[in-house]
Structure formats: structure tokens, C-alpha cells
Amino acid sequence: MMQIEPLGDMGIRIKFGNIISEDIHREIQQFTSQLKDKPINGIIEWVPSYTNVAIYYQPDIISYSDLITELNTLYERTNKVEPFNSTVYEIPVYYGGEAGPDFSFIADSTGVSEEEVIRLHSSQVYLIYMMGFVPGFPYLGGLPNQLAVPRLPHPRPSVLPGSVGIGGNQTGIYPSEVPSGWRIIGRTPVKLFDIEDSPPVLLEAGNYLKFCPIDEAEFHRIKQLADEQKYTVTTYKRMEAR
Amino acid sequence: MKQPLFAVTKPGLQTTVQDLGRFGYQQYGISPSGAMDPYSMKIANILVGNDPVEAVLETAFLGPDLVAKSDMVVSICGGEFSLTVDGNTTPMWKSFLLKKGQTLAFGSCKKGARAYMAIAGGIDVPKILNSKSTFLNGKFGGFSGRSLKKDDIVYGHPLIRKPLKGLHTELIPNWGNHLNLRVIPGPHQSMFTKQGIHCFYNEEFVVTTKSNRMGYQLEGPRIEHVAGPDIISDPTPLGGIQVPASGQPIILMSDRQTTGGYARIGTVISTDIPLLAQAGPTSVIRFSSISVEEAHELYLKKQNLIKQFIIAAK
């Protein structure tokens, strides 16, 4: 069931649940794909997140009550949506070394060997629940429990673009130089955000991500290609059975 | 054909190119940016005969010195700056002809915080993701993704239009340093104690120097949470009032992160955003709650005022 409430006078928030779950995520994805396919006049844009969708609108084009009616109609139709093809992005990561200053900490504090940390982290297919925080940053779900570690007591003032980190039970990649309290275990040479690219953001909510271990030489080879805009991330389709 | 508009001889504290903002990309984590006080921005544009949402220069607290490289019609609206042309005091909220070789100096801000300069014909910077707005943290948009620096030359398509007479006084806001901001409660109201909510709507909060295009950090009595400020990260609207563990509210503005993990007690209505954008440090804020319906009445009233002015200006 969805719940609607205002988000200021130019926003509306549709809540689909209270927890992080794949089912709620799928429902939100199906709803936003309806929003895309059947545009409602007056809606400026929408932002899907773990449990809700924010919809920003122009009150001079559509009233609050008319918008609610339209959104309810759209919701009624949502359940009939066909299953869709998700994309899996393969993101190469150089684990440890200079690229991953906290890599050995993970092994030390979890008791999992370094090889096993890489194997566990890169064997999982992570669901991209939402995008946000900074341009191109994915909120991922699916970190193996064994790899969960507390955040740094004092956040680093900045991490390098492409840094892959673990914070609590979350893992992710920083597309740009930002402050971070996550433990940095490696780095991808791939650009997740580049304003020169079209589209500028590589990843999209509703798709999946898999990390692929690479060595230092491969990191530099791909980095050079990526810097020259000549690297394309490997992707494949994952059929959802619904 | 594009022509040089002016050379920057003093950049001011933070002078950027802004239009209404970048929309449709928040779902990828890209902040909307755009003019902090869109009202003054629109009026400035209308005064020079531009589309109300054409890109303008936004400056804060201490404005730039600009030497005109072409003849052009300009207008400057927003906070009260000590504006001069070649040393002679020049009024704001009206359009005038700025001649090649003249120096326009914004000086410092006496009242309010930000000023908007519109140039007839607009500013020539590339549109990035459909907007000319500068996103400072992302280092893209506007003039090379940054604030103006000394010796920058800004280009445009200057048009000579007949300058308009002054503005009806009804359209000129009176910026104060005591603000009452109207708020639509939610969405995380239940994460605050009764006392916390009472405090929010009844006490005074002061704007701190930790306020910028991303957000306004306020200081006041602690707004109490029931059990901490953490939420499952969700989308953050313009005017969203998040309260971290310190209990001190932060109001999210144009360059905000698109999602956040702190409980939000309410959202400042769009009509009152310009008031906040024109509030400097030490300004005192009180909050009151309002319904969506009332907020929409205010929104439409303001839109109509602007529409009438567009017609009158033609």
C-alpha cells in the first residue's frame, strides 16, 4: 500500500514501506517507470529512494488534490507492469595497495583472509537501490555480513574518485573527491560520473553491480582508457522472473 | 554573435552564473543548483526584457567590480548593495544602459545577502544538462564550473532595449533580519519529541556563518529527537529542514545533496525561500506551520504578481 504526504508545497512523497527490501524497491521501480511512460503534466521530476519516491511539481499547473488523484490512478495500474530486464554492470576494482588503505583492516578486524575478503566482496551481485548524495553515487544492497565493519572514528577529509569503501553493512563507490568515514578497500579506474559524457552518470537505480578484481597494471591500463573516454564498462542482462 | 560583456576586475566573495536550476537529474544525484532567490532573479530579467528564467549573475555579501566591454542594458535586483557606475550611486530594481568602458561596482551588501544582475540578451555560457547554472561542488555548469575570478571575461549577446521605468513598490521586498518562515510539517515529524516540536515552532534560531548555497545552518535551543536523527536515506527537497544529532537545524538550499540521512521536521515553503536566501549571519528566524492549500494560495498569488508585471513591462 502506498501512503501520500506533502514534501513542502512543491513536492509530494509516496511511501511504499518502512524497511530496505527488494520487494519494496521493485514496487518503486515499477511505479517510477509508469511515471516515465505516462507523464503527468505539472510534474518536474522524481527521485526514487529505498522506501519512498519524491515527486516535485508545479502547483500552478497541477493542484495537490488533482496530483494525488492522478498518482493513485497510476498506482492502480502499476501492479500489471510486465517484468523487465535489469542490467548488471561489471566494475573492475584494484583491491588493497595504495588504492585501498583500509583493506588490511577489514581482514584483521573480521578474521577473514585477504583473499577471502576480495572473493566475498566481488562474488556478490549488488542491487542499486537508489542514486544520490553526490552525482553518480550508488546506494548498494547485498554486502556479505562477514564484511560489515564500523566506520572510521574520524572521517577522511577526502577520498580519491573511484574509491570503493565499506561503512557498516553498506558498500559503495565514490564517484568524486568527497569526505568519507567509510573504510576504503580499493579503487575502480572507471568513471561513475563525468559531465563530459552523455549520459554523465554511468549507473541507474534498479540495475545491478558486480565488482571484478584487477591488478595494479590492469588498473592503470583501464584508467588511461577511461581518461581518454575509450573504456566501456562490461554489462549483461539479468532477466527478472516476477 | 557573441560579444564580450565585461571583464572582472574584482570577483567579489562568490559570483556565479545561475538560472532557475537543473531539473530532471536529482535521481542521478545531481543537485538542481539555480538562483538562491529566484524571485529577484526573475524580476531582474523582466526589467531588461529577457525571459524571466534567463541566466543571471548571482553575487553574495561582497559583489564584483565589472568593466563593460560592450554597451548593454542591465538591471540588478535582490539584496541592497551599494551599487555604483564609475563611482556614481546607481539604484537597484530598475534597468539602465551600461556603456562600454564604464565600471559597475556592486560594493557590499547593506540589507539582504545576494544580488542578481540580468543583462538584456543573456549570458553566453554552455547549457549543461539543460541549464546554465553553476554547481560549485560538482565543478560544472555556469562559467567553467566555478565562481568568477579576476580577469575573467564574460560573453553574451547584448541587446539594446529601452530601459524600463522603476518598479512598483509592491514588487520590491523589504529584506529584514527577523524572519518568519512558514513550514509544511513532515515527513519525519514522529522522530521528534513533543518538546522538540514545541521548541521548533516557538523558539528563535539564528543564522550562522556556516551557511552557503548548500544549506543554512542555524543555532538555537536543541530540537530533541525521540531516538536519534538517523533515517533510511531519502530525497531532500528545497527548504527541507534536517536536524542532525546536535539538534541544530539545517535548511537545505539550491546546491543541496539530493538525498540525506537525517530526520526532517518540515519544509520551508517555496514562497519564503527568497527571504531565507536574503538572510545573512545573525538573522533571527521563527518558524510557523502552514497547510499545503494555504501555501499554494501564496504561491499562485506571487506567480500572478510576476505575470502581471511581465505584461506591464511589455
# chains A, B, ... in the order shown; residues from 1 in each chain; ligands from 1
$ closest_atom_pairs --of "chain A" --to "chain B" --cutoff "6 Å" --atoms "only C-alpha atoms" --output "tab-separated table"
residue	atom	partner	partner_atom	distance
A:Gly8	CA	B:Thr267	CA	4.8
A:Asp9	CA	B:Ile269	CA	5.7
A:Glu45	CA	B:Gly24	CA	5.0
A:Val47	CA	B:Gln27	CA	4.6
A:Ser49	CA	B:Asp234	CA	5.4
A:Met131	CA	B:Tyr28	CA	5.3
A:Gly132	CA	B:Gly29	CA	3.8
A:Phe133	CA	B:Gln257	CA	5.2
A:Val134	CA	B:Gly29	CA	5.1
A:Pro135	CA	B:Gly29	CA	4.2
A:Gly136	CA	B:Tyr28	CA	5.7
$ write_last_selection --atoms "N, CA and C atoms" --output "PDB file, in the first residue's frame"
ATOM      1  N   GLY A   8       6.796  19.723   1.433  1.00  0.00           N
ATOM      2  CA  GLY A   8       6.760  21.143   1.112  1.00  0.00           C
ATOM      3  C   GLY A   8       5.591  21.433   0.190  1.00  0.00           C
ATOM      4  N   ASP A   9       5.616  22.614  -0.448  1.00  0.00           N
ATOM      5  CA  ASP A   9       4.484  22.985  -1.317  1.00  0.00           C
ATOM      6  C   ASP A   9       4.752  22.675  -2.778  1.00  0.00           C
ATOM      7  N   GLU A  45      10.071  16.509 -11.819  1.00  0.00           N
ATOM      8  CA  GLU A  45      10.953  15.336 -11.770  1.00  0.00           C
ATOM      9  C   GLU A  45      10.620  14.504 -10.542  1.00  0.00           C
ATOM     10  N   VAL A  47      12.405  11.467  -7.601  1.00  0.00           N
ATOM     11  CA  VAL A  47      13.612  10.848  -7.060  1.00  0.00           C
ATOM     12  C   VAL A  47      13.218   9.605  -6.277  1.00  0.00           C
ATOM     13  N   SER A  49      13.837   6.410  -3.827  1.00  0.00           N
ATOM     14  CA  SER A  49      14.785   6.060  -2.764  1.00  0.00           C
ATOM     15  C   SER A  49      14.392   4.696  -2.189  1.00  0.00           C
ATOM     16  N   MET A 131      20.141   6.282  -6.214  1.00  0.00           N
ATOM     17  CA  MET A 131      21.295   7.122  -6.503  1.00  0.00           C
ATOM     18  C   MET A 131      21.101   8.415  -5.713  1.00  0.00           C
ATOM     19  N   GLY A 132      22.209   8.993  -5.262  1.00  0.00           N
ATOM     20  CA  GLY A 132      22.064  10.245  -4.518  1.00  0.00           C
ATOM     21  C   GLY A 132      23.348  10.619  -3.836  1.00  0.00           C
ATOM     22  N   PHE A 133      23.234  11.514  -2.841  1.00  0.00           N
ATOM     23  CA  PHE A 133      24.374  12.017  -2.085  1.00  0.00           C
ATOM     24  C   PHE A 133      25.214  12.962  -2.948  1.00  0.00           C
ATOM     25  N   VAL A 134      25.959  12.430  -3.906  1.00  0.00           N
ATOM     26  CA  VAL A 134      26.679  13.260  -4.883  1.00  0.00           C
ATOM     27  C   VAL A 134      26.419  12.669  -6.271  1.00  0.00           C
ATOM     28  N   PRO A 135      26.665  13.434  -7.357  1.00  0.00           N
ATOM     29  CA  PRO A 135      26.385  12.904  -8.693  1.00  0.00           C
ATOM     30  C   PRO A 135      27.010  11.528  -8.936  1.00  0.00           C
ATOM     31  N   GLY A 136      26.151  10.559  -9.282  1.00  0.00           N
ATOM     32  CA  GLY A 136      26.627   9.243  -9.685  1.00  0.00           C
ATOM     33  C   GLY A 136      26.887   8.250  -8.581  1.00  0.00           C
TER      34      GLY A 136
END
$ residues_around --residues "Ser180 (chain A)" --least-positions-apart "5" --cutoff "8 Å" --atoms "only C-alpha atoms" --output "list in words"
Pro155, Arg156, Pro157, Ser158 and Val159 of chain A
$ select_by_dssp --residues "region 95-132 of chain A" --states "alpha helix (DSSP H)" --output "PyMOL selection string"
chain A and resi 103-110+114-123
$ write_last_selection --atoms "N, CA, C and O atoms" --output "PDB file, in the first residue's frame"
ATOM      1  N   PHE A 103      42.254  -1.779   3.476  1.00  0.00           N
ATOM      2  CA  PHE A 103      41.990  -3.155   3.048  1.00  0.00           C
ATOM      3  C   PHE A 103      42.421  -4.161   4.109  1.00  0.00           C
ATOM      4  O   PHE A 103      41.656  -5.071   4.462  1.00  0.00           O
ATOM      5  N   SER A 104      43.651  -3.983   4.640  1.00  0.00           N
ATOM      6  CA  SER A 104      44.128  -4.966   5.613  1.00  0.00           C
ATOM      7  C   SER A 104      43.348  -4.879   6.929  1.00  0.00           C
ATOM      8  O   SER A 104      43.205  -5.869   7.638  1.00  0.00           O
ATOM      9  N   PHE A 105      42.788  -3.691   7.228  1.00  0.00           N
ATOM     10  CA  PHE A 105      41.977  -3.541   8.433  1.00  0.00           C
ATOM     11  C   PHE A 105      40.762  -4.470   8.385  1.00  0.00           C
ATOM     12  O   PHE A 105      40.390  -5.089   9.382  1.00  0.00           O
ATOM     13  N   ILE A 106      40.179  -4.571   7.200  1.00  0.00           N
ATOM     14  CA  ILE A 106      38.975  -5.413   7.054  1.00  0.00           C
ATOM     15  C   ILE A 106      39.344  -6.852   7.410  1.00  0.00           C
ATOM     16  O   ILE A 106      38.650  -7.512   8.195  1.00  0.00           O
ATOM     17  N   ALA A 107      40.457  -7.304   6.813  1.00  0.00           N
ATOM     18  CA  ALA A 107      40.891  -8.677   7.071  1.00  0.00           C
ATOM     19  C   ALA A 107      41.206  -8.863   8.562  1.00  0.00           C
ATOM     20  O   ALA A 107      40.738  -9.819   9.190  1.00  0.00           O
ATOM     21  N   ASP A 108      41.949  -7.906   9.132  1.00  0.00           N
ATOM     22  CA  ASP A 108      42.337  -8.019  10.547  1.00  0.00           C
ATOM     23  C   ASP A 108      41.130  -8.025  11.476  1.00  0.00           C
ATOM     24  O   ASP A 108      41.058  -8.810  12.421  1.00  0.00           O
ATOM     25  N   SER A 109      40.173  -7.135  11.227  1.00  0.00           N
ATOM     26  CA  SER A 109      39.085  -6.983  12.188  1.00  0.00           C
ATOM     27  C   SER A 109      37.974  -8.005  11.997  1.00  0.00           C
ATOM     28  O   SER A 109      37.206  -8.263  12.915  1.00  0.00           O
ATOM     29  N   THR A 110      37.869  -8.592  10.793  1.00  0.00           N
ATOM     30  CA  THR A 110      36.797  -9.570  10.590  1.00  0.00           C
ATOM     31  C   THR A 110      37.305 -10.997  10.727  1.00  0.00           C
ATOM     32  O   THR A 110      36.512 -11.923  10.853  1.00  0.00           O
ATOM     33  N   GLU A 114      42.677 -12.047   3.470  1.00  0.00           N
ATOM     34  CA  GLU A 114      42.617 -11.002   2.443  1.00  0.00           C
ATOM     35  C   GLU A 114      42.023 -11.530   1.133  1.00  0.00           C
ATOM     36  O   GLU A 114      41.231 -10.858   0.486  1.00  0.00           O
ATOM     37  N   GLU A 115      42.446 -12.763   0.764  1.00  0.00           N
ATOM     38  CA  GLU A 115      41.920 -13.367  -0.473  1.00  0.00           C
ATOM     39  C   GLU A 115      40.410 -13.541  -0.369  1.00  0.00           C
ATOM     40  O   GLU A 115      39.670 -13.308  -1.318  1.00  0.00           O
ATOM     41  N   GLU A 116      39.985 -13.948   0.839  1.00  0.00           N
ATOM     42  CA  GLU A 116      38.561 -14.214   1.053  1.00  0.00           C
ATOM     43  C   GLU A 116      37.753 -12.897   1.058  1.00  0.00           C
ATOM     44  O   GLU A 116      36.608 -12.878   0.603  1.00  0.00           O
ATOM     45  N   VAL A 117      38.354 -11.811   1.556  1.00  0.00           N
ATOM     46  CA  VAL A 117      37.675 -10.512   1.519  1.00  0.00           C
ATOM     47  C   VAL A 117      37.376 -10.155   0.062  1.00  0.00           C
ATOM     48  O   VAL A 117      36.253  -9.781  -0.286  1.00  0.00           O
ATOM     49  N   ILE A 118      38.388 -10.317  -0.794  1.00  0.00           N
ATOM     50  CA  ILE A 118      38.199 -10.000  -2.217  1.00  0.00           C
ATOM     51  C   ILE A 118      37.143 -10.918  -2.826  1.00  0.00           C
ATOM     52  O   ILE A 118      36.239 -10.474  -3.527  1.00  0.00           O
ATOM     53  N   ARG A 119      37.252 -12.215  -2.501  1.00  0.00           N
ATOM     54  CA  ARG A 119      36.315 -13.177  -3.086  1.00  0.00           C
ATOM     55  C   ARG A 119      34.878 -12.852  -2.663  1.00  0.00           C
ATOM     56  O   ARG A 119      33.978 -12.772  -3.491  1.00  0.00           O
ATOM     57  N   LEU A 120      34.694 -12.590  -1.365  1.00  0.00           N
ATOM     58  CA  LEU A 120      33.352 -12.291  -0.857  1.00  0.00           C
ATOM     59  C   LEU A 120      32.802 -11.003  -1.467  1.00  0.00           C
ATOM     60  O   LEU A 120      31.664 -10.941  -1.920  1.00  0.00           O
ATOM     61  N   HIS A 121      33.645  -9.970  -1.471  1.00  0.00           N
ATOM     62  CA  HIS A 121      33.182  -8.658  -1.947  1.00  0.00           C
ATOM     63  C   HIS A 121      32.857  -8.688  -3.434  1.00  0.00           C
ATOM     64  O   HIS A 121      31.934  -8.013  -3.893  1.00  0.00           O
ATOM     65  N   SER A 122      33.607  -9.486  -4.215  1.00  0.00           N
ATOM     66  CA  SER A 122      33.437  -9.462  -5.671  1.00  0.00           C
ATOM     67  C   SER A 122      32.559 -10.595  -6.201  1.00  0.00           C
ATOM     68  O   SER A 122      32.298 -10.656  -7.394  1.00  0.00           O
ATOM     69  N   SER A 123      32.083 -11.466  -5.323  1.00  0.00           N
ATOM     70  CA  SER A 123      31.234 -12.555  -5.836  1.00  0.00           C
ATOM     71  C   SER A 123      29.759 -12.171  -5.795  1.00  0.00           C
ATOM     72  O   SER A 123      28.921 -12.792  -6.433  1.00  0.00           O
TER      73      SER A 123
END
$ select_by_dssp --residues "region 134-269 of chain B" --states "strand (DSSP E)" --output "mmCIF file with N, CA, C and O atoms, in the first residue's frame"
data_model
loop_
_atom_site.group_PDB
_atom_site.id
_atom_site.type_symbol
_atom_site.label_atom_id
_atom_site.label_comp_id
_atom_site.auth_asym_id
_atom_site.auth_seq_id
_atom_site.Cartn_x
_atom_site.Cartn_y
_atom_site.Cartn_z
ATOM 1 N N ILE B 153 36.610 37.085 -18.574
ATOM 2 C CA ILE B 153 35.769 37.880 -19.471
ATOM 3 C C ILE B 153 34.501 37.077 -19.752
ATOM 4 O O ILE B 153 34.563 35.930 -20.193
ATOM 5 N N VAL B 154 33.372 37.679 -19.425
ATOM 6 C CA VAL B 154 32.085 37.005 -19.606
ATOM 7 C C VAL B 154 31.465 37.495 -20.913
ATOM 8 O O VAL B 154 31.454 38.694 -21.191
ATOM 9 N N TYR B 155 30.991 36.540 -21.706
ATOM 10 C CA TYR B 155 30.401 36.854 -23.010
ATOM 11 C C TYR B 155 28.879 36.792 -22.967
ATOM 12 O O TYR B 155 28.294 36.157 -22.101
ATOM 13 N N GLY B 156 28.280 37.425 -23.943
ATOM 14 C CA GLY B 156 26.818 37.388 -24.046
ATOM 15 C C GLY B 156 26.379 37.864 -25.405
ATOM 16 O O GLY B 156 27.194 37.956 -26.339
ATOM 17 N N HIS B 178 14.751 39.756 10.824
ATOM 18 C CA HIS B 178 13.878 38.904 11.633
ATOM 19 C C HIS B 178 12.888 38.261 10.678
ATOM 20 O O HIS B 178 12.086 38.958 10.072
ATOM 21 N N LEU B 179 12.989 36.954 10.522
ATOM 22 C CA LEU B 179 12.178 36.265 9.523
ATOM 23 C C LEU B 179 11.172 35.339 10.174
ATOM 24 O O LEU B 179 11.489 34.682 11.166
ATOM 25 N N ASN B 180 9.988 35.297 9.582
ATOM 26 C CA ASN B 180 9.067 34.232 9.954
ATOM 27 C C ASN B 180 8.944 33.317 8.749
ATOM 28 O O ASN B 180 8.437 33.729 7.704
ATOM 29 N N LEU B 181 9.469 32.123 8.862
ATOM 30 C CA LEU B 181 9.417 31.183 7.745
ATOM 31 C C LEU B 181 8.269 30.214 7.959
ATOM 32 O O LEU B 181 8.125 29.633 9.036
ATOM 33 N N ARG B 182 7.466 30.051 6.906
ATOM 34 C CA ARG B 182 6.326 29.132 7.004
ATOM 35 C C ARG B 182 6.728 27.743 6.518
ATOM 36 O O ARG B 182 7.434 27.606 5.514
ATOM 37 N N VAL B 183 6.263 26.755 7.257
ATOM 38 C CA VAL B 183 6.761 25.385 7.104
ATOM 39 C C VAL B 183 5.598 24.409 6.947
ATOM 40 O O VAL B 183 4.611 24.504 7.672
ATOM 41 N N ILE B 184 5.737 23.495 6.003
ATOM 42 C CA ILE B 184 4.802 22.372 5.937
ATOM 43 C C ILE B 184 5.429 21.227 6.725
ATOM 44 O O ILE B 184 6.535 20.791 6.414
ATOM 45 N N PRO B 185 4.777 20.800 7.814
ATOM 46 C CA PRO B 185 5.368 19.789 8.694
ATOM 47 C C PRO B 185 5.628 18.459 7.976
ATOM 48 O O PRO B 185 4.940 18.113 7.020
ATOM 49 N N PHE B 205 15.774 30.936 16.191
ATOM 50 C CA PHE B 205 17.006 30.315 15.691
ATOM 51 C C PHE B 205 17.800 31.364 14.919
ATOM 52 O O PHE B 205 17.212 32.199 14.227
ATOM 53 N N VAL B 206 19.116 31.293 15.055
ATOM 54 C CA VAL B 206 19.971 32.316 14.451
ATOM 55 C C VAL B 206 20.768 31.712 13.293
ATOM 56 O O VAL B 206 21.301 30.601 13.402
ATOM 57 N N VAL B 207 20.844 32.452 12.188
ATOM 58 C CA VAL B 207 21.629 32.004 11.023
ATOM 59 C C VAL B 207 23.115 32.110 11.379
ATOM 60 O O VAL B 207 23.566 33.151 11.856
ATOM 61 N N THR B 208 23.864 31.028 11.180
ATOM 62 C CA THR B 208 25.299 31.038 11.487
ATOM 63 C C THR B 208 26.110 31.327 10.223
ATOM 64 O O THR B 208 25.565 31.357 9.113
ATOM 65 N N THR B 209 27.410 31.518 10.409
ATOM 66 C CA THR B 209 28.286 31.756 9.254
ATOM 67 C C THR B 209 28.473 30.479 8.435
ATOM 68 O O THR B 209 28.986 30.531 7.322
ATOM 69 N N LYS B 210 28.066 29.327 9.009
ATOM 70 C CA LYS B 210 28.152 28.075 8.244
ATOM 71 C C LYS B 210 26.916 27.946 7.359
ATOM 72 O O LYS B 210 26.146 26.987 7.464
ATOM 73 N N SER B 211 26.693 28.952 6.561
ATOM 74 C CA SER B 211 25.542 28.949 5.661
ATOM 75 C C SER B 211 26.039 29.302 4.277
ATOM 76 O O SER B 211 26.842 30.212 4.116
ATOM 77 N N GLY B 215 23.268 24.963 2.088
ATOM 78 C CA GLY B 215 22.293 24.981 3.173
ATOM 79 C C GLY B 215 22.596 26.048 4.193
ATOM 80 O O GLY B 215 23.697 26.615 4.216
ATOM 81 N N TYR B 216 21.596 26.323 5.030
ATOM 82 C CA TYR B 216 21.726 27.299 6.104
ATOM 83 C C TYR B 216 21.757 26.548 7.425
ATOM 84 O O TYR B 216 20.807 25.860 7.781
ATOM 85 N N GLN B 217 22.872 26.695 8.136
ATOM 86 C CA GLN B 217 22.997 26.045 9.423
ATOM 87 C C GLN B 217 22.568 27.043 10.495
ATOM 88 O O GLN B 217 23.107 28.140 10.573
ATOM 89 N N LEU B 218 21.596 26.655 11.303
ATOM 90 C CA LEU B 218 21.055 27.559 12.317
ATOM 91 C C LEU B 218 21.506 27.124 13.702
ATOM 92 O O LEU B 218 21.926 25.989 13.921
ATOM 93 N N GLU B 219 21.393 28.083 14.639
ATOM 94 C CA GLU B 219 21.777 27.812 16.011
ATOM 95 C C GLU B 219 20.624 28.235 16.903
ATOM 96 O O GLU B 219 20.047 29.306 16.701
ATOM 97 N N ASP B 230 18.893 9.428 12.734
ATOM 98 C CA ASP B 230 19.140 8.653 11.510
ATOM 99 C C ASP B 230 17.862 8.099 10.887
ATOM 100 O O ASP B 230 17.039 7.489 11.556
ATOM 101 N N ILE B 231 17.734 8.308 9.591
ATOM 102 C CA ILE B 231 16.632 7.727 8.832
ATOM 103 C C ILE B 231 17.229 6.879 7.718
ATOM 104 O O ILE B 231 18.421 6.977 7.438
ATOM 105 N N ILE B 232 16.415 6.065 7.078
ATOM 106 C CA ILE B 232 16.854 5.404 5.855
ATOM 107 C C ILE B 232 16.919 6.520 4.816
ATOM 108 O O ILE B 232 15.923 7.217 4.616
ATOM 109 N N SER B 233 18.091 6.721 4.202
ATOM 110 C CA SER B 233 18.296 7.881 3.314
ATOM 111 C C SER B 233 17.133 8.066 2.350
ATOM 112 O O SER B 233 16.659 7.097 1.749
ATOM 113 N N ASP B 234 16.692 9.302 2.214
ATOM 114 C CA ASP B 234 15.608 9.578 1.269
ATOM 115 C C ASP B 234 15.764 10.968 0.647
ATOM 116 O O ASP B 234 16.633 11.735 1.044
ATOM 117 N N PRO B 235 14.948 11.280 -0.371
ATOM 118 C CA PRO B 235 15.144 12.522 -1.125
ATOM 119 C C PRO B 235 14.931 13.781 -0.283
ATOM 120 O O PRO B 235 14.043 13.842 0.562
ATOM 121 N N GLY B 240 13.973 21.795 2.837
ATOM 122 C CA GLY B 240 13.885 20.722 3.827
ATOM 123 C C GLY B 240 14.697 21.095 5.074
ATOM 124 O O GLY B 240 15.816 21.602 4.944
ATOM 125 N N ILE B 241 14.124 20.871 6.255
ATOM 126 C CA ILE B 241 14.812 21.250 7.495
ATOM 127 C C ILE B 241 15.273 19.992 8.194
ATOM 128 O O ILE B 241 14.490 19.293 8.847
ATOM 129 N N GLN B 242 16.556 19.668 8.040
ATOM 130 C CA GLN B 242 17.054 18.451 8.678
ATOM 131 C C GLN B 242 17.666 18.792 10.027
ATOM 132 O O GLN B 242 18.234 19.857 10.220
ATOM 133 N N ILE B 250 19.341 22.474 9.946
ATOM 134 C CA ILE B 250 19.996 22.895 8.702
ATOM 135 C C ILE B 250 18.903 22.958 7.635
ATOM 136 O O ILE B 250 18.188 21.977 7.427
ATOM 137 N N ILE B 251 18.769 24.118 6.987
ATOM 138 C CA ILE B 251 17.764 24.248 5.925
ATOM 139 C C ILE B 251 18.457 24.071 4.579
ATOM 140 O O ILE B 251 19.445 24.743 4.276
ATOM 141 N N LEU B 252 17.952 23.129 3.793
ATOM 142 C CA LEU B 252 18.616 22.749 2.539
ATOM 143 C C LEU B 252 18.269 23.700 1.410
ATOM 144 O O LEU B 252 17.108 24.021 1.186
ATOM 145 N N THR B 259 19.864 13.551 -1.657
ATOM 146 C CA THR B 259 19.285 12.639 -0.665
ATOM 147 C C THR B 259 20.029 12.860 0.646
ATOM 148 O O THR B 259 21.149 13.362 0.653
ATOM 149 N N GLY B 260 19.409 12.478 1.745
ATOM 150 C CA GLY B 260 20.057 12.679 3.031
ATOM 151 C C GLY B 260 19.593 11.668 4.052
ATOM 152 O O GLY B 260 18.578 11.000 3.852
ATOM 153 N N GLY B 261 20.351 11.572 5.136
ATOM 154 C CA GLY B 261 20.079 10.550 6.140
ATOM 155 C C GLY B 261 19.655 11.091 7.496
ATOM 156 O O GLY B 261 19.666 10.354 8.477
ATOM 157 N N TYR B 262 19.310 12.391 7.564
ATOM 158 C CA TYR B 262 18.859 12.977 8.827
ATOM 159 C C TYR B 262 17.357 13.230 8.795
ATOM 160 O O TYR B 262 16.805 13.615 7.766
ATOM 161 N N ARG B 264 13.906 14.988 9.012
ATOM 162 C CA ARG B 264 13.486 16.350 8.674
ATOM 163 C C ARG B 264 12.151 16.670 9.346
ATOM 164 O O ARG B 264 11.180 15.936 9.213
ATOM 165 N N ILE B 265 12.132 17.805 10.034
ATOM 166 C CA ILE B 265 10.961 18.186 10.822
ATOM 167 C C ILE B 265 9.914 18.895 9.965
ATOM 168 O O ILE B 265 8.730 18.903 10.285
ATOM 169 N N GLY B 266 10.345 19.474 8.850
ATOM 170 C CA GLY B 266 9.413 20.174 7.970
ATOM 171 C C GLY B 266 10.129 20.709 6.744
ATOM 172 O O GLY B 266 11.328 20.480 6.563
ATOM 173 N N THR B 267 9.357 21.416 5.891
ATOM 174 C CA THR B 267 9.923 22.000 4.675
ATOM 175 C C THR B 267 9.465 23.454 4.568
ATOM 176 O O THR B 267 8.256 23.723 4.630
ATOM 177 N N VAL B 268 10.403 24.373 4.410
ATOM 178 C CA VAL B 268 10.064 25.789 4.225
ATOM 179 C C VAL B 268 9.356 25.927 2.879
ATOM 180 O O VAL B 268 9.806 25.357 1.882
#
$ atom_distance --atom1 "CA of Leu140 (chain A)" --atom2 "CA of Pro153 (chain A)"
22.3 Å
$ closest_residue --among "A:Val112, A:Ile62, A:Leu203, A:Ile55" --to "Gly42 (chain A)" --atoms "only C-alpha atoms"
A:Ile62
$ closest_residue --among "A:Val201, A:Val178, A:Lys191, A:Pro161" --to "Gln224 (chain A)" --atoms "only C-alpha atoms"
A:Lys191
$ residues_around --residues "Tyr208 (chain A)" --least-positions-apart "3" --cutoff "12 Å" --atoms "only C-alpha atoms" --output "JSON, numbers by chain"
{"A": [22, 85, 86, 87, 88, 89, 90, 91, 124, 125, 126, 127, 128, 129, 130, 138, 139, 140, 141, 142, 202, 203, 204, 205, 211, 235, 236, 237, 238, 239, 240]}
$ closest_residue --among "B:Leu104, B:Ile311, B:Ala113, B:Met72" --to "Ala279 (chain B)" --atoms "only C-alpha atoms"
B:Ala113
$ residues_around --residues "Ile28 (chain A)" --least-positions-apart "5" --cutoff "12 Å" --atoms "only C-alpha atoms" --output "PyMOL selection string"
chain A and resi 1-2+13-17+20-23+33-35+46-54+75+78-79+81+129-130+205-206
$ residues_around --residues "region 50-64 of chain B" --least-positions-apart "3" --cutoff "6 Å" --atoms "only C-alpha atoms" --output "MDAnalysis selection string"
chainID B and resid 10:20 42 45:46 106:109 113:118 120
$ atom_distance --atom1 "CA of Ser198 (chain A)" --atom2 "CA of Tyr57 (chain A)"
25.7 Å
$ residues_around --residues "Thr171 (chain A)" --least-positions-apart "3" --cutoff "7 Å" --atoms "only C-alpha atoms" --output "list in words"
Leu140, Leu143, Gly165, Ile166 and Gly167 of chain A
$ write_last_selection --atoms "C-alpha atoms" --output "PDB file, in the first residue's frame"
ATOM      1  CA  LEU A 140      24.013  -0.645  -2.920  1.00  0.00           C
ATOM      2  CA  LEU A 143      27.152  -6.692   1.289  1.00  0.00           C
ATOM      3  CA  GLY A 165      34.535   1.514   0.620  1.00  0.00           C
ATOM      4  CA  ILE A 166      32.674  -0.320   3.347  1.00  0.00           C
ATOM      5  CA  GLY A 167      30.766   1.510   6.094  1.00  0.00           C
TER       6      GLY A 167
END
$ atom_distance --atom1 "CA of Gln102 (chain B)" --atom2 "CA of Phe6 (chain B)"
9.5 Å
